[in-house]
file work_34.cif (mmCIF, C-alpha atoms)
data_upload
loop_
_atom_site.label_atom_id
_atom_site.label_comp_id
_atom_site.auth_asym_id
_atom_site.auth_seq_id
_atom_site.Cartn_x
_atom_site.Cartn_y
_atom_site.Cartn_z
CA MET A 1 50.75 78.56 125.13
CA ASP A 2 49.47 79.66 128.55
CA MET A 3 48.21 83.14 129.35
CA HIS A 4 51.23 84.04 131.48
CA VAL A 5 53.70 83.29 128.70
CA GLN A 6 51.59 85.23 126.22
CA SER A 7 51.45 88.27 128.53
CA LEU A 8 55.25 88.25 128.86
CA LEU A 9 55.62 88.05 125.09
CA ASP A 10 53.16 90.89 124.61
CA GLU A 11 55.08 92.99 127.12
CA PHE A 12 58.28 92.20 125.24
CA LYS A 13 56.76 93.47 121.99
CA GLU A 14 55.53 96.63 123.72
CA ASN A 15 59.06 97.43 124.93
CA GLU A 16 60.97 96.77 121.71
CA GLU A 17 61.88 100.46 121.40
CA THR A 18 63.13 100.52 124.98
CA PHE A 19 65.39 97.55 124.29
CA ALA A 20 66.70 99.24 121.13
CA ILE A 21 67.57 102.36 123.14
CA MET A 22 69.31 100.23 125.77
CA LYS A 23 71.35 98.38 123.17
CA ASP A 24 72.41 101.60 121.42
CA PHE A 25 73.41 103.28 124.68
CA ILE A 26 75.34 100.25 125.97
CA VAL A 27 77.42 99.90 122.79
CA LYS A 28 78.22 103.61 122.57
CA PHE A 29 79.04 103.84 126.26
CA LEU A 30 81.30 100.78 126.24
CA ASN A 31 83.13 102.03 123.14
CA LYS A 32 83.73 105.43 124.70
CA THR A 33 84.65 104.16 128.16
CA ILE A 34 86.88 101.28 127.06
CA CYS A 35 88.40 102.37 123.77
CA VAL A 36 88.39 106.17 123.91
CA ASP A 37 88.67 107.15 127.56
CA ASN A 38 90.99 104.31 128.61
CA LYS A 39 92.70 103.76 125.25
CA ILE A 40 92.26 99.98 125.37
CA PHE A 41 92.70 98.27 122.01
CA ILE A 42 90.18 95.42 121.85
CA ALA A 43 88.87 93.04 119.20
CA GLY A 44 85.33 94.35 119.30
CA ILE A 45 82.04 95.03 121.03
CA GLU A 46 78.86 93.23 120.02
CA ALA A 47 75.26 93.62 121.17
CA ARG A 48 71.91 92.08 120.40
CA ILE A 49 68.27 92.13 121.46
CA LYS A 50 66.77 88.72 122.11
CA GLN A 51 64.69 87.56 119.17
CA TYR A 52 60.97 87.06 119.70
CA GLN A 53 61.11 83.41 118.59
CA SER A 54 64.01 82.71 120.93
CA LEU A 55 62.19 84.26 123.87
CA GLU A 56 59.05 82.35 122.99
CA GLY A 57 60.93 79.06 123.01
CA LYS A 58 62.57 79.91 126.33
CA LEU A 59 59.28 80.83 127.99
CA ASN A 60 57.51 77.75 126.68
CA LEU A 61 60.15 75.65 128.43
CA LYS A 62 60.47 77.54 131.71
CA GLY A 63 58.13 80.51 131.70
CA TYR A 64 57.06 79.56 135.22
CA LYS A 65 60.39 80.89 136.53
CA TYR A 66 59.61 84.48 135.54
CA LYS A 67 56.90 86.44 137.30
CA THR A 68 57.50 89.56 135.22
CA LEU A 69 59.48 90.42 132.10
CA SER A 70 61.99 92.25 134.30
CA ASP A 71 62.97 88.89 135.82
CA ILE A 72 64.56 87.88 132.52
CA THR A 73 68.16 89.07 132.56
CA ASP A 74 69.26 88.58 128.96
CA LEU A 75 66.66 90.41 126.87
CA VAL A 76 69.53 92.69 125.85
CA GLY A 77 73.04 91.27 125.68
CA ALA A 78 76.44 92.76 124.95
CA ARG A 79 79.83 91.15 124.51
CA VAL A 80 83.28 92.70 124.87
CA ILE A 81 85.98 90.71 123.07
CA THR A 82 89.54 91.43 124.19
CA PHE A 83 92.95 90.41 122.89
CA TYR A 84 94.44 89.60 126.29
CA SER A 85 93.05 87.82 129.33
CA ASP A 86 94.06 90.52 131.82
CA GLN A 87 91.96 93.03 129.88
CA VAL A 88 88.84 91.10 130.88
CA ASP A 89 89.33 91.92 134.55
CA PHE A 90 90.19 95.55 133.87
CA ILE A 91 87.10 96.03 131.71
CA ALA A 92 85.03 94.29 134.38
CA SER A 93 86.25 96.89 136.89
CA LEU A 94 85.07 99.66 134.55
CA ILE A 95 81.66 98.05 134.19
CA GLU A 96 81.41 97.74 137.99
CA LYS A 97 82.23 101.43 138.28
CA TYR A 98 79.43 102.68 136.02
CA PHE A 99 76.65 100.09 135.99
CA ASP A 100 74.62 98.50 138.79
CA ILE A 101 75.72 94.87 138.99
CA ASP A 102 73.45 92.02 140.03
CA TYR A 103 76.23 89.88 141.50
CA GLU A 104 73.84 87.15 142.61
CA ASN A 105 72.93 86.37 139.00
CA SER A 106 76.32 87.21 137.51
CA VAL A 107 78.83 84.42 137.01
CA ASP A 108 82.54 84.11 136.37
CA LYS A 109 82.55 80.96 134.29
CA ARG A 110 86.34 80.98 134.26
CA LYS A 111 86.18 79.85 137.89
CA LEU A 112 83.66 77.11 137.16
CA TYR A 113 85.85 75.40 134.59
CA GLU A 114 85.74 71.60 134.83
CA VAL A 115 88.41 69.25 133.48
CA ASP A 116 85.92 66.92 131.85
CA ARG A 117 83.99 69.63 130.01
CA PHE A 118 85.17 71.29 126.83
CA GLY A 119 84.28 74.90 126.11
CA TYR A 120 85.98 78.16 126.83
CA MET A 121 84.56 80.24 129.65
CA SER A 122 83.94 83.95 130.05
CA LEU A 123 82.90 86.51 132.65
CA HIS A 124 79.17 87.32 132.65
CA TYR A 125 77.78 90.37 134.44
CA ILE A 126 74.07 91.06 134.87
CA CYS A 127 73.70 94.84 134.88
CA GLN A 128 71.27 97.72 135.06
CA ILE A 129 71.69 101.27 133.80
CA PRO A 130 71.56 103.70 136.76
CA LYS A 131 69.50 106.83 136.21
CA GLU A 132 72.48 109.09 136.90
CA LEU A 133 74.28 107.46 133.98
CA PHE A 134 71.40 107.57 131.49
CA TYR A 135 67.69 108.32 131.64
CA ASP A 136 65.04 108.64 128.95
CA GLU A 137 61.76 110.31 129.98
CA LEU A 138 59.89 108.69 127.12
CA HIS A 139 61.26 105.24 127.97
CA PRO A 140 61.72 105.12 131.76
CA ARG A 141 61.93 101.31 131.78
CA VAL A 142 65.44 101.63 130.35
CA ASN A 143 66.50 101.67 134.00
CA ASP A 144 64.27 98.76 135.02
CA PHE A 145 65.36 95.99 132.69
CA ARG A 146 68.55 94.10 133.40
CA PHE A 147 70.94 93.10 130.64
CA GLU A 148 73.97 90.87 130.28
CA ILE A 149 77.55 91.81 129.42
CA GLN A 150 79.92 88.98 128.52
CA MET A 151 83.67 89.56 128.56
CA ARG A 152 86.15 87.15 127.00
CA THR A 153 89.29 86.99 124.88
CA SER A 154 89.37 86.58 121.11
CA LEU A 155 90.52 82.98 121.37
CA GLN A 156 87.83 82.23 123.94
CA HIS A 157 85.32 83.77 121.54
CA VAL A 158 86.56 81.64 118.64
CA TRP A 159 86.37 78.52 120.79
CA ALA A 160 82.90 79.34 122.12
CA THR A 161 81.63 79.87 118.56
CA ILE A 162 83.09 76.59 117.31
CA PHE A 163 81.89 74.72 120.39
CA HIS A 164 78.41 76.16 119.98
CA ASP A 165 78.24 74.99 116.37
CA THR A 166 79.78 71.53 116.88
CA GLY A 167 78.46 70.57 120.28
CA TYR A 168 75.88 72.67 122.03
CA LYS A 169 73.39 72.98 119.17
CA SER A 170 73.67 69.40 118.00
CA ASP A 171 70.71 67.07 118.46
CA VAL A 172 73.08 64.11 118.25
CA GLU A 173 75.48 63.20 121.06
CA VAL A 174 79.04 64.05 120.04
CA PRO A 175 81.19 60.87 119.83
CA LYS A 176 83.99 60.64 122.39
CA GLU A 177 86.72 60.66 119.74
CA TYR A 178 85.61 64.12 118.62
CA ILE A 179 85.28 65.32 122.20
CA ARG A 180 88.89 64.27 122.80
CA ARG A 181 90.12 66.08 119.68
CA LEU A 182 88.18 69.19 120.61
CA ALA A 183 89.60 69.02 124.14
CA ARG A 184 93.14 68.88 122.73
CA LEU A 185 92.46 71.97 120.64
CA GLU A 186 90.93 73.66 123.64
CA GLY A 187 94.16 73.09 125.56
CA LEU A 188 96.22 74.57 122.75
CA LEU A 189 94.04 77.67 122.65
CA GLU A 190 94.32 78.10 126.40
CA ILE A 191 98.12 77.85 126.18
CA ALA A 192 98.10 80.36 123.29
CA ASP A 193 95.95 82.76 125.33
CA ASP A 194 98.42 82.59 128.21
CA GLU A 195 101.46 82.92 125.93
CA PHE A 196 100.10 85.99 124.15
CA LEU A 197 99.78 87.68 127.55
CA VAL A 198 103.27 86.64 128.65
CA ILE A 199 104.84 87.78 125.38
CA ARG A 200 103.02 91.12 125.52
CA ASN A 201 104.20 91.71 129.07
CA GLU A 202 107.78 90.82 128.17
CA ILE A 203 107.73 93.17 125.18
CA ASP A 204 106.33 95.95 127.37
CA HIS A 205 109.12 95.31 129.88
CA TYR A 206 111.71 95.40 127.09
CA ARG A 207 110.37 98.71 125.79
CA LYS A 208 110.40 100.25 129.25
CA LYS A 209 113.97 99.06 129.75
CA ILE A 210 115.08 100.52 126.40
CA ARG A 211 113.28 103.79 127.16
CA SER A 212 115.04 104.04 130.50
CA LEU A 213 118.51 103.25 129.10
CA VAL A 214 118.15 105.64 126.16
CA SER A 215 116.87 108.46 128.37
CA LYS A 216 120.06 108.06 130.44
CA GLY A 217 122.22 108.14 127.32
CA GLU A 218 123.28 104.52 127.77
CA PHE A 219 123.36 103.38 124.14
CA LYS A 220 125.90 100.58 124.39
CA ASP A 221 124.62 97.15 123.36
CA ILE A 222 121.13 98.49 122.60
CA SER A 223 119.99 96.95 119.33
CA PHE A 224 118.95 99.39 116.63
CA ASN A 225 115.25 98.88 115.95
CA ILE A 226 112.16 101.02 115.58
CA ASP A 227 111.62 101.15 119.36
CA SER A 228 115.15 102.19 120.27
CA TYR A 229 115.28 104.64 117.34
CA THR A 230 111.99 106.26 118.41
CA ASN A 231 113.24 106.65 121.99
CA TYR A 232 116.54 108.03 120.72
CA LEU A 233 114.75 110.65 118.64
CA ALA A 234 112.74 111.65 121.72
CA LEU A 235 116.04 112.98 123.14
CA GLU A 236 116.20 115.45 120.18
CA PRO A 237 119.82 114.53 119.39
CA TYR A 238 119.92 116.72 116.26
CA LYS A 239 118.28 119.79 117.78
CA ALA A 240 121.49 121.68 118.59
CA LEU A 241 122.89 121.10 115.10
CA ILE A 242 119.72 122.10 113.26
CA ASN A 243 119.45 125.29 115.34
CA LYS A 244 123.07 126.07 114.52
CA ILE A 245 122.36 125.51 110.82
CA ALA A 246 119.23 127.69 110.98
CA ASN A 247 121.33 130.56 112.35
CA ILE A 248 123.34 130.65 109.09
CA THR A 249 120.46 132.53 107.43
CA ASN A 250 118.32 133.25 110.50
CA ALA A 251 115.85 130.71 109.10
CA GLU A 252 112.84 129.21 110.81
CA VAL A 253 112.96 125.45 111.43
CA GLU A 254 110.03 123.43 110.09
CA ASN A 255 109.60 120.23 112.11
CA VAL A 256 109.51 117.18 109.86
CA SER A 257 109.34 113.51 110.90
CA TYR A 258 112.60 111.60 111.14
CA ALA A 259 110.83 108.28 110.64
CA ARG A 260 111.85 107.98 106.97
CA PHE A 261 115.54 107.90 107.94
CA TYR A 262 115.08 104.62 109.80
CA GLU A 263 115.20 102.65 106.55
CA MET A 264 118.40 104.47 105.59
CA PHE A 265 120.14 103.40 108.79
CA VAL A 266 119.00 99.82 108.15
CA LYS A 267 120.40 99.93 104.60
CA LEU A 268 123.69 101.18 106.01
CA GLY A 269 123.90 98.07 108.15
CA ILE A 270 123.49 99.81 111.52
CA LYS A 271 123.08 97.17 114.25
CA TYR A 272 123.34 99.15 117.48
CA LEU A 273 122.03 102.49 118.67
CA SER A 274 125.54 103.45 119.77
CA GLU A 275 126.54 103.47 116.08
CA VAL A 276 123.88 106.09 115.33
CA GLU A 277 125.08 108.24 118.21
CA GLN A 278 128.73 107.87 117.22
CA MET A 279 127.84 108.80 113.65
CA ARG A 280 126.26 112.01 114.96
CA ILE A 281 129.27 112.85 117.14
CA ASP A 282 131.87 112.13 114.44
CA ASN A 283 130.15 113.95 111.58
CA SER A 284 128.22 116.89 113.05
CA GLU A 285 130.96 119.45 112.45
CA ASP A 286 131.39 118.48 108.80
CA ALA A 287 127.60 118.36 108.40
CA TYR A 288 127.51 121.97 109.63
CA LYS A 289 130.22 122.98 107.16
CA LEU A 290 128.19 121.36 104.40
CA ALA A 291 125.17 123.39 105.48
CA ILE A 292 127.25 126.58 105.26
CA ALA A 293 128.18 125.62 101.70
CA GLN A 294 124.52 124.91 100.91
CA LEU A 295 122.99 127.98 102.52
CA GLY A 296 125.74 130.60 102.48
CA GLY A 297 124.83 133.57 100.33
CA THR A 298 121.16 132.58 100.19
CA ASP A 299 118.15 134.20 101.86
CA ILE A 300 116.35 130.94 102.69
CA ASP A 301 114.04 131.65 105.62
CA ILE A 302 112.63 128.16 106.28
CA ILE A 303 114.60 124.92 106.54
CA SER A 304 113.56 121.37 107.34
CA SER A 305 114.50 119.95 110.73
CA THR A 306 115.91 116.91 108.89
CA VAL A 307 118.71 118.87 107.19
CA ALA A 308 121.04 118.04 110.08
CA ILE A 309 120.58 114.26 109.96
CA GLN A 310 120.61 114.27 106.15
CA ASN A 311 123.94 116.08 106.00
CA ILE A 312 125.40 113.78 108.66
CA LEU A 313 124.43 110.77 106.55
CA ILE A 314 125.87 112.29 103.37
CA ILE A 315 129.20 112.95 105.08
CA TYR A 316 129.19 109.50 106.68
CA VAL A 317 128.50 107.68 103.39
CA LEU A 318 131.25 109.56 101.54
CA LYS A 319 133.77 108.98 104.32
CA LYS A 320 132.98 105.27 104.09
CA GLY A 321 133.87 105.30 100.40
CA GLY A 322 130.38 105.79 99.02
CA ASN A 323 129.96 106.97 95.44
CA ARG A 324 127.58 109.21 93.53
CA ASN A 325 125.00 106.48 93.19
CA ASP A 326 125.06 105.84 96.96
CA ILE A 327 124.37 109.51 97.68
CA LYS A 328 121.62 109.55 95.06
CA ASN A 329 119.96 106.53 96.66
CA LEU A 330 120.18 108.18 100.07
CA LEU A 331 118.64 111.45 98.94
CA GLU A 332 115.89 109.77 96.94
CA LEU A 333 115.06 107.46 99.79
CA VAL A 334 114.38 110.36 102.15
CA ASN A 335 113.36 113.13 99.72
CA GLY A 336 112.09 111.48 96.58
CA ARG A 337 113.57 112.16 93.16
CA VAL A 338 116.51 114.62 93.00
CA SER A 339 117.95 116.43 89.99
CA ASP A 340 121.42 115.61 88.66
CA LYS A 341 122.52 119.23 89.19
CA TYR A 342 121.45 119.23 92.85
CA LEU A 343 123.13 115.85 93.38
CA ASP A 344 126.42 116.97 91.78
CA ASN A 345 126.45 120.17 93.86
CA ILE A 346 125.94 118.23 97.11
CA ILE A 347 128.72 115.76 96.29
CA GLU A 348 131.14 118.51 95.23
CA GLN A 349 130.47 120.55 98.37
CA SER A 350 130.84 117.48 100.59
CA LYS A 351 134.07 116.32 99.01
CA SER A 352 135.68 119.72 99.41
CA ILE A 353 134.89 119.60 103.13
CA ILE A 354 136.17 116.08 103.88
CA MET A 355 139.07 116.31 101.40
CA ILE A 356 138.22 113.27 99.30
#

call {"tool": "encode", "arguments": {"input": "work_34.cif", "output": "structure tokens"}}
result
Amino acid sequence: MDMHVQSLLDEFKENEETFAIMKDFIVKFLNKTICVDNKIFIAGIEARIKQYQSLEGKLNLKGYKYKTLSDITDLVGARVITFYSDQVDFIASLIEKYFDIDYENSVDKRKLYEVDRFGYMSLHYICQIPKELFYDELHPRVNDFRFEIQMRTSLQHVWATIFHDTGYKSDVEVPKEYIRRLARLEGLLEIADDEFLVIRNEIDHYRKKIRSLVSKGEFKDISFNIDSYTNYLALEPYKALINKIANITNAEVENVSYARFYEMFVKLGIKYLSEVEQMRIDNSEDAYKLAIAQLGGTDIDIISSTVAIQNILIIYVLKKGGNRNDIKNLLELVNGRVSDKYLDNIIEQSKSIIMI
């Protein structure tokens, strides 16, 4: 080992704490900037400091290329793994915004892809931490050393890992039959990557369309599902009825989630959102009368916001020929176990209102 290589290795050892600080800051900053501030759901963020043995091997091969330790750009490395390919470019724009980028040594391997070479590509940025972003008086070289950030999708990451294990690290030339099979798999993964993005975009478009239609009160032909139901509830369709019910005893309304009623609508065979709205229109008056029977003569001062929808469902089920067991299943589905006395009272009150 020559003196130059040894001096670089010694310098590396002397700056181990600096590299640890860099790694810790990079991971925390990327997590906050990507996941917290921009609410991007990703597969993960990894980081590592180059191992001494790895650096030693690299310098023994081509130590002549590096005049100083600062010339080595991958002493600290981070990787951002996304679910979708378009997230790579967005995250790259965030990294460009906060870090100093060495574009000359950075590479977008996605644009260097060759037909006759297997291996998924990723975007590699060589960066530095600007002092205005982070500075450590005890370790000022935090701002001197460059580091690498790789950005790629989950499928690209899986492929790169497999390729690394089966091809890159092998001391034996990979037979052409295996190269061909790997290339076929590579193509499938690339198609899958593209399809995941297309499907996500189409689902987003569908949700925006449903949100727009529901907000305009256009419920016809909108399938009943968790998305359309959530957007329907955002219109507060039961608010007027629950406020009217609360006025019976001047009670305060406690807001409770309507999510648990979704399963009830499914069990009732509801297929379209218009059916839910029509159910509300047709049964609200009787649901209010049921509330009068339930609350009249009491001094209840707090009621659940779900009383309105619950009473509508009770009336609806009985009008459709439902029996005691059907009402019991409904109440237990949304409230848990109910007593026989409470159940009998509800059914008796309901039947007297709808004349069954």

call {"tool": "atom_distance", "arguments": {"input": "work_34.cif", "atom1": "CA of Asp102 in chain A", "atom2": "CA of Leu8 in chain A"}}
result
21.7 Å

call {"tool": "resolve_selection", "arguments": {"input": "work_34.cif", "expression": "the PyMOL selection byres ((chain A and resi 185) around 12)", "output": "list in words"}}
result
Phe118, Gly119, Tyr120, Leu155, Gln156, Val158, Trp159, Ile162, Phe163, Tyr178, Ile179, Arg180, Arg181, Leu182, Ala183, Arg184, Glu186, Gly187, Leu188, Leu189, Glu190, Ile191 and Ala192 of chain A

call {"tool": "residues_around", "arguments": {"input": "work_34.cif", "residues": "Phe134 in chain A", "least_positions_apart": "4", "cutoff": "12 Å", "atoms": "all atoms listed in the file", "output": "JSON, numbers by chain"}}
result
{"A": [21, 22, 24, 25, 26, 28, 29, 98, 99, 128, 129, 130, 139, 140, 141, 142, 143, 144]}

call {"tool": "write_last_selection", "arguments": {"input": "work_34.cif", "atoms": "C-alpha atoms", "output": "tab-separated table (two decimals), in the coordinates of the input"}}
result
chain	number	residue	atom	x	y	z
A	21	ILE	CA	67.57	102.36	123.14
A	22	MET	CA	69.31	100.23	125.77
A	24	ASP	CA	72.41	101.60	121.42
A	25	PHE	CA	73.41	103.28	124.68
A	26	ILE	CA	75.34	100.25	125.97
A	28	LYS	CA	78.22	103.61	122.57
A	29	PHE	CA	79.04	103.84	126.26
A	98	TYR	CA	79.43	102.68	136.02
A	99	PHE	CA	76.65	100.09	135.99
A	128	GLN	CA	71.27	97.72	135.06
A	129	ILE	CA	71.69	101.27	133.80
A	130	PRO	CA	71.56	103.70	136.76
A	139	HIS	CA	61.26	105.24	127.97
A	140	PRO	CA	61.72	105.12	131.76
A	141	ARG	CA	61.93	101.31	131.78
A	142	VAL	CA	65.44	101.63	130.35
A	143	ASN	CA	66.50	101.67	134.00
A	144	ASP	CA	64.27	98.76	135.02

call {"tool": "residues_around", "arguments": {"input": "work_34.cif", "residues": "Val256 in chain A", "least_positions_apart": "4", "cutoff": "9 Å", "atoms": "all atoms listed in the file", "output": "VMD selection string"}}
result
chain A and resid 304 to 306

call {"tool": "atom_distance", "arguments": {"input": "work_34.cif", "atom1": "CA of Ile327 in chain A", "atom2": "CA of Leu295 in chain A"}}
result
19.1 Å

call {"tool": "resolve_selection", "arguments": {"input": "work_34.cif", "expression": "the PyMOL selection byres ((chain A and resi 334) around 9)", "output": "list in words"}}
result
Arg260, Phe261, Glu263, Met264, Gln310, Asn329, Leu330, Leu331, Glu332, Leu333, Asn335 and Gly336 of chain A

call {"tool": "resolve_selection", "arguments": {"input": "work_34.cif", "expression": "the PyMOL selection byres ((chain A and resi 71-74) around 8)", "output": "list in words"}}
result
Lys50, Tyr66, Lys67, Thr68, Leu69, Ser70, Leu75, Val76, Gly77, Ile126, Phe145, Arg146, Phe147 and Glu148 of chain A

call {"tool": "atom_distance", "arguments": {"input": "work_34.cif", "atom1": "CA of Ile346 in chain A", "atom2": "CA of Glu277 in chain A"}}
result
23.4 Å

call {"tool": "closest_residue", "arguments": {"input": "work_34.cif", "among": "A:Ala47, A:Ile302, A:Val317, A:Met151", "to": "Ser85 in chain A", "atoms": "all atoms listed in the file"}}
result
A:Met151

call {"tool": "closest_residue", "arguments": {"input": "work_34.cif", "among": "A:Gly322, A:Gln278, A:Gln349, A:Ala251", "to": "Thr298 in chain A", "atoms": "only C-alpha atoms"}}
result
A:Ala251
